[in-house]
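The file upload_4.txt comes next; it holds compact mmCIF, C-alpha atoms.
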```txt
# COMPACT_ATOMS: atom_id res chain seq x y z
CA MET A 1431 142.46 60.96 27.16
CA SER A 1432 141.99 63.31 24.27
CA GLU A 1433 144.33 63.57 21.31
CA GLN A 1434 145.52 66.93 22.56
CA GLU A 1435 147.35 67.58 25.80
CA PRO A 1436 145.59 70.10 28.05
CA ARG A 1437 148.31 72.71 27.38
CA GLU A 1438 147.45 72.54 23.67
CA LEU A 1439 143.78 73.45 24.11
CA PRO A 1440 142.84 76.94 23.01
CA GLU A 1441 142.73 79.58 25.69
CA PRO A 1442 139.24 80.88 26.41
CA GLY A 1443 138.73 84.39 25.23
CA PRO A 1444 136.16 86.74 23.85
CA PRO A 1445 134.01 85.28 21.09
CA SER A 1446 135.10 86.12 17.57
CA ALA A 1447 131.54 86.94 16.53
CA PRO A 1448 130.18 90.47 16.93
CA GLN A 1449 128.71 90.86 20.41
CA GLY A 1450 125.19 91.59 19.15
CA ARG A 1451 125.09 88.28 17.29
CA VAL A 1452 126.43 86.42 20.32
CA LEU A 1453 123.84 88.03 22.60
CA ALA A 1454 121.06 87.17 20.15
CA ALA A 1455 122.28 83.55 19.93
CA VAL A 1456 122.41 83.21 23.73
CA ALA A 1457 118.96 84.78 24.13
CA ALA A 1458 117.35 82.61 21.46
CA GLY A 1459 119.01 79.47 22.80
CA GLY A 1460 118.13 80.32 26.40
CA ALA A 1461 114.49 80.82 25.51
CA LEU A 1462 114.41 77.49 23.68
CA GLY A 1463 116.15 75.61 26.51
CA ALA A 1464 113.92 77.13 29.18
CA LEU A 1465 110.82 76.24 27.14
CA VAL A 1466 111.96 72.62 26.85
CA ARG A 1467 112.61 72.39 30.60
CA HIS A 1468 109.29 74.06 31.42
CA GLY A 1469 107.51 71.69 29.05
CA ALA A 1470 109.14 68.72 30.80
CA MET A 1471 108.00 70.09 34.17
CA VAL A 1472 104.43 70.49 32.87
CA LEU A 1473 104.36 67.01 31.31
CA TRP A 1474 106.13 65.34 34.24
CA PRO A 1475 105.27 67.42 37.32
CA ALA A 1476 107.06 66.75 40.58
CA PRO A 1477 104.82 65.63 43.44
CA GLY A 1478 104.22 68.07 46.28
CA HIS A 1479 106.65 66.05 48.36
CA GLY A 1480 109.56 63.74 47.65
CA PHE A 1481 112.38 63.75 45.14
CA PRO A 1482 112.06 66.35 42.30
CA TRP A 1483 112.88 63.96 39.45
CA THR A 1484 112.12 66.28 36.54
CA VAL A 1485 114.66 68.94 37.50
CA PHE A 1486 117.16 66.23 38.43
CA VAL A 1487 116.84 64.59 35.00
CA ALA A 1488 117.02 67.97 33.21
CA ASN A 1489 120.21 68.91 35.05
CA VAL A 1490 121.90 65.55 34.53
CA THR A 1491 120.98 65.20 30.84
CA GLY A 1492 121.88 68.84 30.20
CA CYS A 1493 125.32 68.27 31.74
CA ALA A 1494 125.82 65.19 29.58
CA LEU A 1495 125.02 67.23 26.48
CA ILE A 1496 127.46 69.92 27.63
CA GLY A 1497 130.15 67.23 27.83
CA VAL A 1498 129.45 66.19 24.25
CA LEU A 1499 129.38 69.79 23.04
CA MET A 1500 132.69 70.71 24.69
CA VAL A 1501 134.48 67.74 23.12
CA LEU A 1502 133.06 68.55 19.68
CA THR A 1503 133.81 72.27 19.86
CA VAL A 1504 136.77 72.89 22.17
CA GLU A 1505 138.79 69.67 22.21
CA ARG A 1506 138.34 68.37 18.71
CA GLY A 1507 137.15 71.36 16.74
CA ARG A 1508 134.59 69.28 14.83
CA ILE A 1509 132.04 72.08 15.17
CA THR A 1510 133.62 75.45 14.53
CA HIS A 1511 130.89 77.98 13.78
CA MET A 1512 131.42 80.92 16.12
CA LEU A 1513 127.83 80.96 17.40
CA VAL A 1514 127.42 77.24 18.19
CA ARG A 1515 128.85 77.40 21.72
CA PRO A 1516 126.96 80.56 22.72
CA PHE A 1517 123.69 79.25 21.24
CA LEU A 1518 123.85 75.63 22.41
CA GLY A 1519 126.14 75.79 25.44
CA VAL A 1520 125.20 79.03 27.16
CA GLY A 1521 121.75 79.42 25.63
CA VAL A 1522 119.94 76.12 25.09
CA LEU A 1523 121.74 74.03 27.71
CA GLY A 1524 122.01 76.95 30.14
CA GLY A 1525 118.26 77.48 29.89
CA TYR A 1526 117.49 73.77 30.05
CA THR A 1527 119.58 73.10 33.15
CA THR A 1528 118.59 75.04 36.23
CA PHE A 1529 120.52 75.73 39.39
CA SER A 1530 117.87 78.13 40.67
CA THR A 1531 115.04 75.58 40.58
CA TYR A 1532 117.39 72.99 42.10
CA ALA A 1533 118.13 75.39 44.99
CA VAL A 1534 114.42 76.20 45.48
CA ASP A 1535 113.62 72.47 45.47
CA VAL A 1536 116.25 71.78 48.16
CA SER A 1537 114.95 74.71 50.20
CA GLY A 1538 111.35 73.50 49.85
CA LEU A 1539 112.27 69.99 50.92
CA LEU A 1540 114.03 71.37 53.99
CA ALA A 1541 111.05 73.63 54.81
CA ARG A 1542 108.78 70.55 54.68
CA GLN A 1543 111.23 68.80 57.00
CA GLU A 1544 112.24 66.25 54.38
CA ALA A 1545 115.92 66.64 55.26
CA ALA A 1546 117.01 63.19 54.06
CA VAL A 1547 115.42 63.73 50.63
CA ALA A 1548 116.85 67.27 50.46
CA MET A 1549 120.39 66.07 51.18
CA ALA A 1550 120.06 63.14 48.77
CA TYR A 1551 118.81 65.51 46.07
CA ALA A 1552 121.49 68.13 46.75
CA ALA A 1553 124.36 65.65 46.75
CA GLY A 1554 122.89 63.32 44.13
CA THR A 1555 122.39 66.12 41.62
CA ALA A 1556 125.97 67.36 42.00
CA VAL A 1557 127.48 63.87 41.71
CA ALA A 1558 125.22 62.77 38.84
CA ALA A 1559 125.70 66.03 36.90
CA LEU A 1560 129.49 65.94 37.18
CA GLY A 1561 129.53 62.22 36.42
CA SER A 1562 127.34 62.68 33.36
CA VAL A 1563 129.45 65.47 31.87
CA TRP A 1564 132.57 63.33 32.39
CA ALA A 1565 130.99 60.12 31.02
CA ALA A 1566 129.53 61.89 27.99
CA ALA A 1567 132.88 63.52 27.20
CA VAL A 1568 134.66 60.15 27.47
CA ALA A 1569 132.02 58.45 25.31
CA THR A 1570 132.21 61.21 22.69
CA ARG A 1571 136.02 60.98 22.52
CA THR A 1572 135.77 57.19 22.21
CA TRP A 1573 133.17 57.46 19.45
CA LEU A 1574 135.26 60.00 17.53
CA ASP A 1575 138.40 57.87 17.90
CA ARG A 1576 136.74 54.62 16.80
CA GLY A 1577 138.19 54.75 13.25
CA ALA A 1578 141.66 55.84 14.32
CA ARG A 1579 142.67 52.69 16.19
CA PRO A 1580 145.08 50.28 14.49
CA GLY A 1581 143.58 46.97 13.41
CA PRO A 1582 145.20 43.52 13.64
CA ARG A 1583 148.96 43.42 13.07
CA GLY A 1584 149.32 47.19 12.80
CA THR A 1585 146.90 47.82 9.90
CA ARG A 1586 144.45 50.68 9.95
CA GLY A 1587 141.60 48.67 8.47
CA SER A 1588 139.41 49.69 5.55
CA ARG A 1589 138.19 53.00 6.93
CA GLY A 1590 141.49 54.86 6.91
CA THR A 1591 142.25 57.60 9.38
CA ARG A 1592 140.85 61.04 9.87
CA ASP A 1593 142.85 64.15 10.37
CA THR A 1594 141.83 66.73 12.99
CA ARG A 1595 139.57 68.52 10.51
CA GLY A 1596 137.52 65.37 9.85
CA SER A 1597 138.63 64.78 6.25
CA ARG A 1598 139.62 61.28 5.25
CA ASP A 1599 143.24 60.32 4.85
CA THR A 1600 143.08 57.27 2.63
CA ARG A 1601 146.83 56.88 2.12
CA SER A 1602 147.09 54.16 4.76
CA GLU A 1603 143.95 52.22 3.88
CA GLY A 1604 144.69 48.56 3.62
CA ARG A 1605 148.45 49.01 4.12
CA THR A 1606 150.61 48.11 7.05
CA VAL A 1607 151.76 51.04 9.09
```
Representation of the structure as structure tokens:
Amino acid sequence: MSEQEPRELPEPGPPSAPQGRVLAAVAAGGALGALVRHGAMVLWPAPGHGFPWTVFVANVTGCALIGVLMVLTVERGRITHMLVRPFLGVGVLGGYTTFSTYAVDVSGLLARQEAAVAMAYAAGTAVAALGSVWAAAVATRTWLDRGARPGPRGTRGSRGTRDTRGSRDTRSEGRTV
């Protein structure tokens, strides 16, 4: 569970950056993400039949990265620049992951009468993508919280604690809480 209750998370709203800058960030990120995915598909082409592994891996790894990004930006506020989410989240990761190619792949598998592979791909992608975003978010929270856990007999250990802005609070270092 995160440090903040869900009711304490900021409400989504319009970006605070001027719209032209946001649009430019999304466009630049989208181009970069799509190029990376296309490069992966060129280097690791899917066979003419069977499971489309390249798109599957792109979608699952992209979702994992989205989980990390959302914890760092929305939940914990570790990354606060106003263009990070539009550039990385919507742009790079939106261009890298691909629902359209996933849908075309499922359709192609069905057209070639590979129904079992098509259903495994359709369901497997959804389950793996949702699982990866969840697991990456949990892992990111755990990694960020690693220095905030009390040590033996209620001490904080030698690293101290961090406040929500990431600065060190050394007042409790080496002392019992």
> Counting only C-alpha atoms, what is within 8 Å of Phe1481 (chain A), bar same-chain residues fewer than 3 positions away, as a count of residues only?
Replying inline: 5
> What does the distance between CA of Leu1495 (chain A) and CA of Gly1478 (chain A) come to in Å, to one decimal place?
Replying inline: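 Separation of CA of Leu1495 (chain A) and CA of Gly1478 (chain A): 28.7 Å.
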> Any idea what's packed within 12 Å of Met1549 (chain A), counting all atoms listed in the file, ignoring anything in its chain fewer than 2 positions away? Could you give it as a VMD selection string?
Replying inline: chain A and resid 1480 to 1481 1532 to 1533 1535 to 1540 1543 to 1547 1551 to 1556
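As for CA of Ala1567 (chain A) and CA of Thr1503 (chain A), they are spaced 11.5 Å apart.
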>> Nearest residue to Ala1558 (chain A) out of A:Gly1519, A:Trp1573, A:Thr1531, A:Thr1491, using all atoms listed in the file?
In response: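 Using all atoms listed in the file, the shortest distance to Ala1558 (chain A) belongs to A:Thr1491.
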> Which of these, A:Gly1463, A:Asn1489, A:Gly1521, A:Val1504, has the shortest distance to Leu1560 (chain A) once you count all atoms listed in the file?
Replying inline: A:Asn1489
>> Which residue is closest to Ala1565 (chain A)? Choose from A:Val1490, A:Ala1578, A:Ala1457, A:Met1512 and count only C-alpha atoms.
In response: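 Between A:Val1490, A:Ala1578, A:Ala1457, A:Met1512, the residue approaching Ala1565 (chain A) most closely is A:Val1490.
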